[in-house]
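Okay, entry_1.tsv now, which holds TSV, C-alpha atoms:
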```tsv
chain	number	residue	atom	x	y	z
A	1	MET	CA	35.71	-18.63	30.15
A	2	ASN	CA	32.57	-16.55	29.59
A	3	VAL	CA	31.14	-15.12	26.37
A	4	PHE	CA	32.96	-11.78	26.69
A	5	GLU	CA	36.32	-13.52	27.06
A	6	ILE	CA	35.71	-15.83	24.09
A	7	LEU	CA	34.29	-13.12	21.79
A	8	PRO	CA	37.71	-11.49	20.98
A	9	ILE	CA	39.12	-14.93	20.14
A	10	ALA	CA	36.22	-15.59	17.75
A	11	LEU	CA	36.65	-12.18	16.12
A	12	GLN	CA	40.37	-12.77	15.66
A	13	ALA	CA	39.74	-16.17	14.07
A	14	LEU	CA	37.32	-14.62	11.57
A	15	SER	CA	39.68	-11.75	10.76
A	16	LEU	CA	42.43	-14.21	9.84
A	17	ASN	CA	40.19	-15.54	7.03
A	18	LYS	CA	38.47	-12.34	5.85
A	19	VAL	CA	37.66	-13.47	2.30
A	20	ARG	CA	36.21	-16.78	3.46
A	21	SER	CA	34.14	-15.06	6.17
A	22	ILE	CA	32.79	-12.49	3.68
A	23	LEU	CA	31.87	-15.12	1.10
A	24	THR	CA	30.21	-17.22	3.81
A	25	ALA	CA	28.12	-14.23	4.93
A	26	LEU	CA	26.86	-13.46	1.40
A	27	GLY	CA	24.13	-16.10	1.61
A	28	VAL	CA	22.74	-14.43	4.71
A	29	VAL	CA	23.17	-10.96	3.14
A	30	PHE	CA	21.00	-11.77	0.14
A	31	GLY	CA	18.47	-13.72	2.18
A	32	VAL	CA	17.97	-10.90	4.71
A	33	ALA	CA	17.90	-8.29	1.91
A	34	ALA	CA	15.14	-10.28	0.21
A	35	VAL	CA	13.17	-10.48	3.48
A	36	ILE	CA	13.49	-6.74	4.16
A	37	ALA	CA	12.61	-5.75	0.57
A	38	MET	CA	9.67	-8.17	0.45
A	39	LEU	CA	8.25	-7.04	3.80
A	40	SER	CA	8.66	-3.35	2.97
A	41	ILE	CA	6.99	-3.68	-0.43
A	42	GLY	CA	4.16	-5.76	1.04
A	43	GLU	CA	3.61	-3.34	3.91
A	44	GLY	CA	3.70	-0.36	1.55
A	45	ALA	CA	1.11	-1.99	-0.71
A	46	ARG	CA	-1.11	-2.79	2.29
A	47	ARG	CA	-0.99	0.77	3.59
A	48	GLU	CA	-1.64	2.27	0.17
A	49	SER	CA	-4.61	-0.03	-0.41
A	50	ILE	CA	-6.11	1.05	2.90
A	51	GLU	CA	-5.52	4.72	2.05
A	52	GLN	CA	-7.15	4.30	-1.37
A	53	VAL	CA	-10.28	2.86	0.23
A	54	GLU	CA	-10.27	5.58	2.90
A	55	LEU	CA	-10.40	8.15	0.10
A	56	LEU	CA	-13.79	6.72	-0.82
A	57	GLY	CA	-14.81	5.90	2.73
A	58	ALA	CA	-14.78	2.54	4.48
A	59	ASN	CA	-18.58	2.65	4.80
A	60	THR	CA	-19.19	3.60	1.17
A	61	ILE	CA	-21.01	1.72	-1.60
A	62	LEU	CA	-20.89	2.86	-5.24
A	63	VAL	CA	-23.54	2.19	-7.87
A	64	ARG	CA	-22.36	2.91	-11.42
A	65	ASN	CA	-23.76	2.57	-14.89
A	66	SER	CA	-22.43	-0.48	-16.66
A	67	GLY	CA	-22.19	1.39	-19.99
A	68	GLU	CA	-22.54	4.75	-21.74
A	69	TRP	CA	-25.96	6.35	-22.07
A	70	GLU	CA	-27.62	6.11	-25.49
A	71	PRO	CA	-30.74	8.02	-26.67
A	72	ARG	CA	-32.75	4.86	-27.46
A	73	GLY	CA	-31.11	2.61	-24.91
A	74	SER	CA	-31.41	2.11	-21.18
A	75	ASP	CA	-31.33	5.17	-18.93
A	76	GLY	CA	-29.14	3.28	-16.46
A	77	ILE	CA	-29.29	4.50	-12.89
A	78	VAL	CA	-31.62	7.44	-12.33
A	79	GLU	CA	-32.63	9.77	-9.53
A	80	ARG	CA	-35.59	7.62	-8.45
A	81	ASP	CA	-33.12	4.78	-7.79
A	82	ALA	CA	-31.21	7.06	-5.44
A	83	VAL	CA	-34.41	8.11	-3.66
A	84	ALA	CA	-35.37	4.46	-3.18
A	85	ILE	CA	-31.91	3.70	-1.83
A	86	GLY	CA	-32.28	6.53	0.69
A	87	THR	CA	-35.32	4.81	2.24
A	88	LEU	CA	-33.23	1.86	3.45
A	89	GLY	CA	-32.69	1.89	7.19
A	90	ASP	CA	-28.92	1.35	7.16
A	91	VAL	CA	-28.25	4.13	4.61
A	92	ALA	CA	-26.99	7.26	6.38
A	93	ALA	CA	-26.67	9.45	3.27
A	94	TRP	CA	-26.62	9.23	-0.52
A	95	SER	CA	-25.63	11.43	-3.42
A	96	GLY	CA	-26.11	11.17	-7.17
A	97	LEU	CA	-23.61	12.64	-9.61
A	98	ARG	CA	-22.42	12.95	-13.17
A	99	ARG	CA	-18.81	13.19	-14.30
A	100	TYR	CA	-17.39	15.20	-17.19
A	101	ALA	CA	-13.74	14.38	-17.74
A	102	ASP	CA	-11.05	16.36	-19.54
A	103	ARG	CA	-12.62	19.82	-19.35
A	104	ILE	CA	-10.63	23.02	-19.92
A	105	VAL	CA	-10.61	25.37	-16.92
A	106	THR	CA	-9.55	28.95	-17.62
A	107	ARG	CA	-8.49	31.76	-15.32
A	108	HIS	CA	-7.20	34.80	-17.24
A	109	ASP	CA	-4.27	33.41	-19.26
A	110	LYS	CA	-4.00	30.13	-17.33
A	111	LYS	CA	-5.56	26.92	-18.63
A	112	LEU	CA	-5.76	23.54	-16.93
A	113	ARG	CA	-7.57	20.28	-17.56
A	114	ALA	CA	-9.93	19.00	-14.89
A	115	GLU	CA	-12.85	16.69	-14.26
A	116	VAL	CA	-16.20	18.30	-13.50
A	117	VAL	CA	-18.33	16.51	-10.91
A	118	ALA	CA	-21.95	17.61	-10.92
A	119	THR	CA	-23.52	16.42	-7.68
A	120	THR	CA	-25.81	17.21	-4.76
A	121	PRO	CA	-25.07	18.98	-1.46
A	122	SER	CA	-25.02	15.64	0.37
A	123	TYR	CA	-21.91	14.51	-1.53
A	124	ALA	CA	-19.62	16.26	0.96
A	125	ARG	CA	-21.11	14.14	3.78
A	126	VAL	CA	-20.99	10.86	1.89
A	127	VAL	CA	-17.27	11.06	1.04
A	128	ASP	CA	-16.22	13.31	3.96
A	129	LEU	CA	-14.96	15.93	1.51
A	130	GLY	CA	-12.87	18.20	3.70
A	131	LEU	CA	-12.51	21.86	2.79
A	132	ASP	CA	-9.27	23.77	3.18
A	133	LYS	CA	-11.12	27.07	2.75
A	134	GLY	CA	-14.64	28.23	2.07
A	135	ARG	CA	-17.79	26.12	2.11
A	136	TYR	CA	-19.82	23.62	0.11
A	137	PHE	CA	-22.93	24.70	-1.83
A	138	ASP	CA	-26.24	24.28	0.00
A	139	ASP	CA	-29.73	23.04	-0.98
A	140	GLU	CA	-30.92	26.52	-1.99
A	141	GLU	CA	-27.97	27.08	-4.35
A	142	HIS	CA	-28.41	23.58	-5.75
A	143	GLY	CA	-32.12	24.11	-6.30
A	144	ARG	CA	-31.77	27.34	-8.29
A	145	GLY	CA	-28.68	26.18	-10.20
A	146	ALA	CA	-26.28	28.75	-8.77
A	147	HIS	CA	-23.05	29.17	-10.73
A	148	VAL	CA	-20.80	28.17	-7.84
A	149	CYS	CA	-18.10	25.54	-7.45
A	150	ILE	CA	-15.56	23.92	-5.15
A	151	ILE	CA	-12.13	23.29	-6.70
A	152	GLY	CA	-9.44	20.74	-5.88
A	153	SER	CA	-6.12	21.73	-4.32
A	154	ASN	CA	-4.09	21.22	-7.51
A	155	LEU	CA	-6.46	23.44	-9.49
A	156	LYS	CA	-6.31	26.13	-6.82
A	157	ARG	CA	-2.53	26.13	-6.87
A	158	GLY	CA	-2.33	26.09	-10.66
A	159	LEU	CA	-4.90	28.84	-11.24
A	160	PHE	CA	-4.40	31.11	-8.24
A	161	GLY	CA	-1.00	30.22	-6.78
A	162	PHE	CA	-0.80	31.55	-3.22
A	163	ARG	CA	-3.65	34.01	-3.71
A	164	ASN	CA	-7.05	33.52	-2.10
A	165	ALA	CA	-9.44	31.81	-4.54
A	166	ILE	CA	-12.68	32.32	-2.59
A	167	GLY	CA	-15.03	34.69	-4.40
A	168	GLU	CA	-13.02	34.59	-7.64
A	169	ASP	CA	-14.47	33.35	-10.92
A	170	ILE	CA	-13.21	30.66	-13.31
A	171	LYS	CA	-14.43	29.57	-16.73
A	172	VAL	CA	-15.20	25.92	-17.44
A	173	GLY	CA	-16.07	25.45	-21.08
A	174	ASP	CA	-18.59	28.21	-21.80
A	175	ILE	CA	-19.81	28.74	-18.24
A	176	TYR	CA	-18.43	31.03	-15.57
A	177	LEU	CA	-18.40	29.76	-11.98
A	178	ILE	CA	-17.63	31.49	-8.67
A	179	VAL	CA	-15.27	29.61	-6.35
A	180	ILE	CA	-16.86	29.22	-2.91
A	181	GLY	CA	-14.60	26.48	-1.55
A	182	VAL	CA	-11.22	24.78	-1.92
A	183	ALA	CA	-11.05	21.04	-1.14
A	184	GLU	CA	-8.32	19.64	1.07
A	185	TYR	CA	-5.38	17.92	-0.58
A	186	ARG	CA	-5.87	14.16	-0.90
A	187	ARG	CA	-2.94	11.86	-1.52
A	188	VAL	CA	-3.82	9.53	-4.39
A	189	GLY	CA	-1.21	6.78	-4.81
A	190	LYS	CA	-0.18	5.14	-8.07
A	191	SER	CA	-1.18	1.62	-7.09
A	192	ARG	CA	-4.75	0.55	-7.76
A	193	ILE	CA	-7.13	-2.01	-6.33
A	194	SER	CA	-8.59	-4.18	-9.07
A	195	GLY	CA	-12.14	-3.07	-9.90
A	196	LEU	CA	-11.88	0.20	-7.97
A	197	LYS	CA	-11.38	3.55	-9.68
A	198	ILE	CA	-10.15	6.23	-7.30
A	199	PRO	CA	-11.31	9.78	-8.14
A	200	HIS	CA	-8.61	12.43	-8.54
A	201	TYR	CA	-10.06	14.79	-5.95
A	202	ASN	CA	-7.23	17.30	-6.33
A	203	ASN	CA	-8.08	17.88	-10.02
A	204	GLU	CA	-11.86	17.96	-9.71
A	205	ILE	CA	-14.42	20.77	-9.76
A	206	PHE	CA	-17.62	20.17	-7.82
A	207	ILE	CA	-20.75	21.94	-9.07
A	208	PRO	CA	-24.53	21.64	-8.43
A	209	LEU	CA	-26.15	18.81	-10.36
A	210	THR	CA	-28.70	21.30	-11.69
A	211	LEU	CA	-25.99	22.77	-13.99
A	212	VAL	CA	-25.55	19.64	-16.08
A	213	ASP	CA	-27.34	21.04	-19.15
A	214	TYR	CA	-24.32	23.28	-19.84
A	215	PHE	CA	-22.07	20.24	-20.06
A	216	GLU	CA	-24.44	17.82	-21.76
A	217	SER	CA	-24.87	20.11	-24.78
A	218	ALA	CA	-21.08	20.55	-24.98
A	219	ARG	CA	-20.75	16.78	-25.42
A	220	GLY	CA	-23.51	16.53	-27.98
A	221	ARG	CA	-25.79	14.70	-25.53
A	222	ALA	CA	-28.51	17.31	-25.07
A	223	GLY	CA	-31.18	14.60	-25.15
A	224	ARG	CA	-29.98	12.98	-21.94
A	225	PRO	CA	-32.62	13.38	-19.21
A	226	ILE	CA	-31.50	15.36	-16.18
A	227	GLU	CA	-32.58	12.57	-13.84
A	228	CYS	CA	-30.02	10.19	-15.38
A	229	LEU	CA	-26.93	9.70	-13.23
A	230	ASP	CA	-23.46	8.29	-13.76
A	231	GLU	CA	-23.00	7.19	-10.16
A	232	ILE	CA	-24.80	6.98	-6.83
A	233	TRP	CA	-22.64	7.15	-3.72
A	234	ILE	CA	-24.08	5.62	-0.56
A	235	LYS	CA	-22.80	5.93	2.99
A	236	VAL	CA	-23.80	3.11	5.35
A	237	ALA	CA	-24.26	3.95	9.02
A	238	ASN	CA	-22.59	0.76	10.32
A	239	SER	CA	-19.41	-0.53	8.66
A	240	ARG	CA	-20.31	-4.11	9.63
A	241	LYS	CA	-23.46	-3.90	7.52
A	242	VAL	CA	-21.83	-2.65	4.31
A	243	VAL	CA	-21.78	-6.03	2.56
A	244	THR	CA	-25.32	-6.98	3.58
A	245	THR	CA	-26.58	-3.55	2.52
A	246	ALA	CA	-24.87	-3.96	-0.87
A	247	GLN	CA	-26.64	-7.31	-1.34
A	248	LEU	CA	-29.97	-5.71	-0.49
A	249	LEU	CA	-29.24	-2.86	-2.93
A	250	GLU	CA	-28.52	-5.31	-5.73
A	251	ARG	CA	-31.84	-7.11	-5.25
A	252	MET	CA	-33.76	-3.81	-5.02
A	253	LEU	CA	-32.16	-2.27	-8.12
A	254	ALA	CA	-32.61	-5.48	-10.11
A	255	ARG	CA	-36.34	-5.26	-9.35
A	256	LEU	CA	-36.52	-1.52	-10.21
A	257	HIS	CA	-34.66	-2.09	-13.50
A	258	ALA	CA	-36.82	-5.07	-14.45
A	259	GLY	CA	-33.82	-7.38	-14.61
A	260	LYS	CA	-31.73	-5.16	-16.94
A	261	ASP	CA	-28.00	-5.51	-16.40
A	262	ASP	CA	-27.33	-1.77	-16.77
A	263	PHE	CA	-25.70	-1.08	-13.41
A	264	LYS	CA	-22.95	-2.45	-11.21
A	265	ILE	CA	-22.40	-2.24	-7.46
A	266	ILE	CA	-18.91	-1.65	-6.09
A	267	VAL	CA	-18.09	-2.25	-2.42
A	268	PRO	CA	-14.62	-0.78	-1.64
A	269	GLN	CA	-14.50	-2.62	1.69
A	270	ALA	CA	-14.95	-5.99	-0.01
A	271	LEU	CA	-12.44	-5.12	-2.75
A	272	LEU	CA	-9.93	-4.14	-0.06
A	273	ALA	CA	-10.38	-7.47	1.71
A	274	GLN	CA	-9.86	-9.30	-1.60
A	275	ALA	CA	-6.76	-7.22	-2.37
A	276	GLN	CA	-5.34	-7.97	1.07
A	277	ARG	CA	-5.91	-11.70	0.60
A	278	THR	CA	-4.04	-11.51	-2.71
A	279	GLN	CA	-1.28	-9.51	-1.02
A	280	ARG	CA	-0.95	-12.10	1.74
A	281	THR	CA	-0.53	-14.83	-0.86
A	282	PHE	CA	2.12	-12.73	-2.58
A	283	ASN	CA	3.90	-12.19	0.75
A	284	ILE	CA	3.85	-15.92	1.52
A	285	VAL	CA	5.37	-16.77	-1.87
A	286	MET	CA	8.02	-14.06	-1.58
A	287	GLY	CA	8.70	-15.08	2.02
A	288	ALA	CA	9.23	-18.67	0.93
A	289	ILE	CA	11.73	-17.53	-1.71
A	290	ALA	CA	13.55	-15.38	0.85
A	291	GLY	CA	13.48	-18.30	3.29
A	292	ILE	CA	15.15	-20.55	0.71
A	293	SER	CA	17.89	-17.93	0.31
A	294	LEU	CA	18.43	-17.92	4.07
A	295	LEU	CA	18.42	-21.72	4.14
A	296	VAL	CA	21.11	-21.79	1.46
A	297	GLY	CA	23.06	-19.23	3.46
A	298	GLY	CA	22.77	-21.36	6.59
A	299	ILE	CA	23.97	-24.46	4.74
A	300	GLY	CA	26.93	-22.44	3.48
A	301	ILE	CA	27.82	-21.37	7.02
A	302	MET	CA	27.57	-24.95	8.28
A	303	ASN	CA	29.73	-26.22	5.42
A	304	ILE	CA	32.45	-23.64	6.04
A	305	MET	CA	32.37	-24.16	9.80
A	306	LEU	CA	32.78	-27.94	9.36
A	307	ALA	CA	35.76	-27.32	7.09
A	308	THR	CA	37.14	-24.85	9.63
A	309	VAL	CA	36.87	-27.40	12.44
A	310	LEU	CA	38.82	-29.89	10.34
A	311	GLU	CA	41.50	-27.34	9.48
A	312	ARG	CA	41.88	-26.13	13.08
A	313	ARG	CA	42.01	-29.51	14.82
A	314	PHE	CA	45.56	-28.86	16.03
A	315	GLU	CA	44.49	-25.48	17.48
A	316	ILE	CA	41.57	-27.22	19.20
A	317	GLY	CA	43.94	-29.87	20.63
A	318	VAL	CA	46.33	-27.20	22.01
A	319	ARG	CA	43.47	-25.30	23.63
A	320	ARG	CA	42.03	-28.46	25.15
A	321	ALA	CA	45.49	-29.53	26.40
A	322	ALA	CA	45.95	-26.06	27.94
A	323	GLY	CA	42.76	-26.55	29.95
A	324	ALA	CA	39.94	-25.24	27.74
A	325	THR	CA	36.65	-27.00	28.46
A	326	GLU	CA	34.31	-28.51	25.85
A	327	ARG	CA	31.90	-25.67	26.61
A	328	ALA	CA	34.52	-23.00	25.85
A	329	VAL	CA	35.50	-24.60	22.53
A	330	MET	CA	31.88	-25.09	21.53
A	331	LEU	CA	31.02	-21.50	22.46
A	332	GLN	CA	33.90	-20.14	20.38
A	333	PHE	CA	32.84	-21.87	17.16
A	334	LEU	CA	29.18	-21.12	17.82
A	335	LEU	CA	30.02	-17.43	18.29
A	336	GLU	CA	31.92	-17.41	15.01
A	337	ALA	CA	28.86	-18.75	13.15
A	338	ILE	CA	26.55	-16.25	14.89
A	339	LEU	CA	28.90	-13.34	14.11
A	340	ILE	CA	28.98	-14.27	10.44
A	341	SER	CA	25.17	-14.36	10.40
A	342	LEU	CA	24.76	-11.06	12.27
A	343	VAL	CA	27.26	-9.22	10.07
A	344	GLY	CA	25.48	-10.64	7.04
A	345	CYS	CA	22.20	-9.54	8.60
A	346	LEU	CA	23.36	-5.93	9.08
A	347	VAL	CA	24.64	-5.72	5.51
A	348	GLY	CA	21.44	-7.41	4.31
A	349	ILE	CA	19.26	-4.86	6.13
A	350	LEU	CA	21.20	-2.05	4.45
A	351	LEU	CA	20.95	-3.72	1.04
A	352	GLY	CA	17.24	-4.48	1.52
A	353	THR	CA	16.61	-0.84	2.47
A	354	ILE	CA	18.43	0.34	-0.66
A	355	ILE	CA	16.37	-2.07	-2.79
A	356	ALA	CA	13.12	-0.80	-1.20
A	357	ILE	CA	14.12	2.83	-1.82
A	358	ALA	CA	15.07	2.01	-5.41
A	359	VAL	CA	11.73	0.29	-5.99
A	360	ALA	CA	9.87	3.29	-4.57
A	361	GLN	CA	11.95	5.70	-6.66
A	362	TYR	CA	11.92	3.99	-10.05
A	363	ALA	CA	8.85	1.72	-10.03
A	364	GLY	CA	6.59	4.15	-8.22
A	365	TRP	CA	5.56	1.56	-5.62
A	366	ARG	CA	5.11	2.62	-2.05
A	367	THR	CA	7.37	0.89	0.48
A	368	ALA	CA	7.42	0.98	4.27
A	369	ILE	CA	10.22	-0.39	6.44
A	370	GLY	CA	9.16	-0.88	10.04
A	371	PHE	CA	11.09	-1.63	13.22
A	372	PHE	CA	9.26	-4.95	13.43
A	373	HIS	CA	10.70	-5.95	10.03
A	374	VAL	CA	14.24	-5.32	11.27
A	375	ILE	CA	13.57	-7.36	14.42
A	376	ILE	CA	12.33	-10.26	12.28
A	377	ALA	CA	15.43	-10.09	10.06
A	378	VAL	CA	17.83	-9.99	13.04
A	379	GLY	CA	15.99	-12.85	14.76
A	380	VAL	CA	16.01	-14.99	11.64
A	381	ALA	CA	19.71	-14.31	11.03
A	382	ALA	CA	20.60	-15.17	14.63
A	383	GLY	CA	18.55	-18.34	14.36
A	384	VAL	CA	20.32	-19.30	11.14
A	385	GLY	CA	23.70	-18.71	12.83
A	386	ILE	CA	22.82	-20.84	15.83
A	387	ALA	CA	21.25	-23.63	13.76
A	388	SER	CA	24.10	-23.78	11.25
A	389	GLY	CA	26.88	-23.41	13.81
A	390	TYR	CA	25.65	-25.78	16.50
A	391	TYR	CA	26.71	-29.08	14.89
A	392	PRO	CA	30.22	-27.90	13.82
A	393	ALA	CA	30.72	-26.37	17.29
A	394	LEU	CA	29.60	-29.58	18.95
A	395	LYS	CA	31.95	-31.59	16.74
A	396	ALA	CA	34.85	-29.27	17.63
A	397	ALA	CA	34.09	-29.52	21.34
A	398	ARG	CA	34.07	-33.33	21.26
A	399	THR	CA	37.38	-33.60	19.42
A	400	ASP	CA	39.83	-35.83	21.32
A	401	PRO	CA	42.85	-33.67	22.40
A	402	GLY	CA	45.35	-36.45	21.76
A	403	GLU	CA	44.13	-37.13	18.22
A	404	ALA	CA	43.96	-33.39	17.53
A	405	LEU	CA	47.58	-32.83	18.59
A	406	ARG	CA	48.71	-35.67	16.31
A	407	TYR	CA	46.69	-34.27	13.34
A	408	GLU	CA	49.55	-32.11	12.02
```

Encoded form using structure tokens:
Amino acid sequence: MNVFEILPIALQALSLNKVRSILTALGVVFGVAAVIAMLSIGEGARRESIEQVELLGANTILVRNSGEWEPRGSDGIVERDAVAIGTLGDVAAWSGLRRYADRIVTRHDKKLRAEVVATTPSYARVVDLGLDKGRYFDDEEHGRGAHVCIIGSNLKRGLFGFRNAIGEDIKVGDIYLIVIGVAEYRRVGKSRISGLKIPHYNNEIFIPLTLVDYFESARGRAGRPIECLDEIWIKVANSRKVVTTAQLLERMLARLHAGKDDFKIIVPQALLAQAQRTQRTFNIVMGAIAGISLLVGGIGIMNIMLATVLERRFEIGVRRAAGATERAVMLQFLLEAILISLVGCLVGILLGTIIAIAVAQYAGWRTAIGFFHVIIAVGVAAGVGIASGYYPALKAARTDPGEALRYE
């Protein structure tokens, strides 16, 4: 008898003991569900981490002040630091900026809160700031302090709706600005990489750095020199030289600042690599837990199949006496174990998918279920079925027909 002839017999044997078969499959169900949920959460976290770094740029280095500016304290990073950074051979572009969070933006009767980013024309090249409409301000507008701005997609939608925003004016604090560009929408996920703050591009207003006096006086910091910066963004020409360039920057800035610890260097690429190493450790631990669940499920299948062989010794004796070979008997019991595992696997994939969707919905974590994850789950379940069913099937096949017929 071949597999297709034995398969209906195996299905019939399982259907005669539905409750036992279902309870036996539960170990595989929960194990596979844990594998699917773990892999989907891990893959979602990996993709989101990569996307967060891509928002800043894989070749980007950030230099930030380590504290707030004080009138009689350190100036922190300044424009001459940025100019010195620009002389390095591996630096393709740089941009200095200041940030002013939680500012009220007004358009007629509409008011929104936004972050103002005062920067230089090169900022668009450093972070690859795409524009949905309009243009970025140029060197001439930056030099004369033109009252122009580029707004994020959320601000455009909130202030103008579906109307064209280019050429219209908005009020930020006490200053009126003309909108000359609308930035492309950027997806900013909820998860964060430790040590890396992702800007909310969609709620930002980009203005020339030469307009900072309007915002410094509003914060009661009129004494802050215009050359003082909050951040310097650097774009490295070769992604393989990002880390070495960051090390060179640290030595150069330490010399320029006479050893003062008033700045910090952030390398998104290095933080991503660290986050991925942490994620791999998490995946290994969760995989081990899911593997234990599958192991317990496999032991349960083996236990039930051994009990089944003992209970069905008379049936085995009749089949052997009627001419069934050891191979046919072994194949039947092996198929029963594999079917239990595969049914458990299918239910486990469904349950794992539901868990992943629930996590994404209620916890706000990103999840991603791939075809490769399903293949892994099916392969593991089939392996568990074969491993747990082989010994009971072998024992059934080697049962002596005479002893089996005398069992009952």

Q. What is the atom CA of A:Ala33-atom CA of A:Leu351 distance in Å, reported with one decimal?
A.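 Separation of atom CA of A:Ala33 and atom CA of A:Leu351: 5.6 Å.
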
Q: Go through A:Leu14, A:Val212, A:Ala321, A:Cys149 one by one, measure the shortest atom-to-atom distance of each to A:Glu227 using all atoms listed in the file, and give the residue with the smallest value.
A: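 Comparing A:Leu14, A:Val212, A:Ala321, A:Cys149 against A:Glu227, the winner is A:Val212.
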
List as a PDB file with C-alpha atoms, keeping the file's coordinate frame the protein and nucleic acid residues near A:Leu97, meaning an atom at most 9 Å away when all atoms listed in the file are counted, but skip any in the same chain fewer than 4 places from it.
```pdb
ATOM      1  CA  VAL A 117     -18.330  16.510 -10.910  1.00  0.00           C
ATOM      2  CA  ALA A 118     -21.950  17.610 -10.920  1.00  0.00           C
ATOM      3  CA  THR A 119     -23.520  16.420  -7.680  1.00  0.00           C
ATOM      4  CA  THR A 120     -25.810  17.210  -4.760  1.00  0.00           C
ATOM      5  CA  TYR A 123     -21.910  14.510  -1.530  1.00  0.00           C
ATOM      6  CA  LEU A 209     -26.150  18.810 -10.360  1.00  0.00           C
ATOM      7  CA  CYS A 228     -30.020  10.190 -15.380  1.00  0.00           C
ATOM      8  CA  LEU A 229     -26.930   9.700 -13.230  1.00  0.00           C
ATOM      9  CA  ASP A 230     -23.460   8.290 -13.760  1.00  0.00           C
ATOM     10  CA  GLU A 231     -23.000   7.190 -10.160  1.00  0.00           C
ATOM     11  CA  ILE A 232     -24.800   6.980  -6.830  1.00  0.00           C
ATOM     12  CA  TRP A 233     -22.640   7.150  -3.720  1.00  0.00           C
TER      13      TRP A 233
END
```

Q: Take the point (-26.8, 3.5, 4.3) in the file's coordinates, draw a sphere of radius 12 Å around it, and report as number ranges by chain every protein, DNA or RNA residue with an atom inside or on it, counting only C-alpha atoms.
A: A: 59-62, 82-95, 126, 232-246, 248-249

How close does stretch 291-367 of chain A get to stretch 21-25 of chain A? List, as a tab-separated table, each residue of stretch 291-367 of chain A within 9 Å, its nearest atom pair and the distance in Å to one decimal, counting all atoms listed in the file.
```
residue	atom	partner	partner_atom	distance
A:Gly297	CA	A:Ala25	CA	7.3
A:Gly298	CA	A:Thr24	CA	9.0
A:Gly300	CA	A:Thr24	CA	6.2
A:Ile301	CA	A:Thr24	CA	5.8
A:Ile304	CA	A:Thr24	CA	7.2
A:Ile340	CA	A:Ala25	CA	5.6
A:Ser341	CA	A:Ala25	CA	6.2
A:Leu342	CA	A:Ala25	CA	8.7
A:Val343	CA	A:Ala25	CA	7.2
A:Gly344	CA	A:Ala25	CA	4.9
A:Cys345	CA	A:Ala25	CA	8.4
```

Go ahead and dump the residues you just picked, C-alpha atoms, as an mmCIF file, in the coordinates of the input.
```
data_model
loop_
_atom_site.group_PDB
_atom_site.id
_atom_site.type_symbol
_atom_site.label_atom_id
_atom_site.label_comp_id
_atom_site.auth_asym_id
_atom_site.auth_seq_id
_atom_site.Cartn_x
_atom_site.Cartn_y
_atom_site.Cartn_z
ATOM 1 C CA GLY A 297 23.060 -19.230 3.460
ATOM 2 C CA GLY A 298 22.770 -21.360 6.590
ATOM 3 C CA GLY A 300 26.930 -22.440 3.480
ATOM 4 C CA ILE A 301 27.820 -21.370 7.020
ATOM 5 C CA ILE A 304 32.450 -23.640 6.040
ATOM 6 C CA ILE A 340 28.980 -14.270 10.440
ATOM 7 C CA SER A 341 25.170 -14.360 10.400
ATOM 8 C CA LEU A 342 24.760 -11.060 12.270
ATOM 9 C CA VAL A 343 27.260 -9.220 10.070
ATOM 10 C CA GLY A 344 25.480 -10.640 7.040
ATOM 11 C CA CYS A 345 22.200 -9.540 8.600
#
```

Q | Neighbour list for A:Thr353 as number ranges by chain, cut-off 10 Å, all atoms listed in the file, skip fewer than 3 positions in-chain | A | A: 33-34, 36-37, 40, 347-350, 356-359, 367-369

Q | Distance in Å - atom CA of A:Ile6 versus atom CA of A:Asn303 | A |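 It comes out at 22.2 Å.
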
Axis-aligned box over every listed atom of stretch 379-389 of chain A, padded by 8 Å per side: centre and edges in Å to one decimal, as lines of an AutoDock Vina configuration file?
```
center_x = 21.4
center_y = -18.3
center_z = 13.4
size_x = 26.9
size_y = 26.9
size_z = 20.8
```
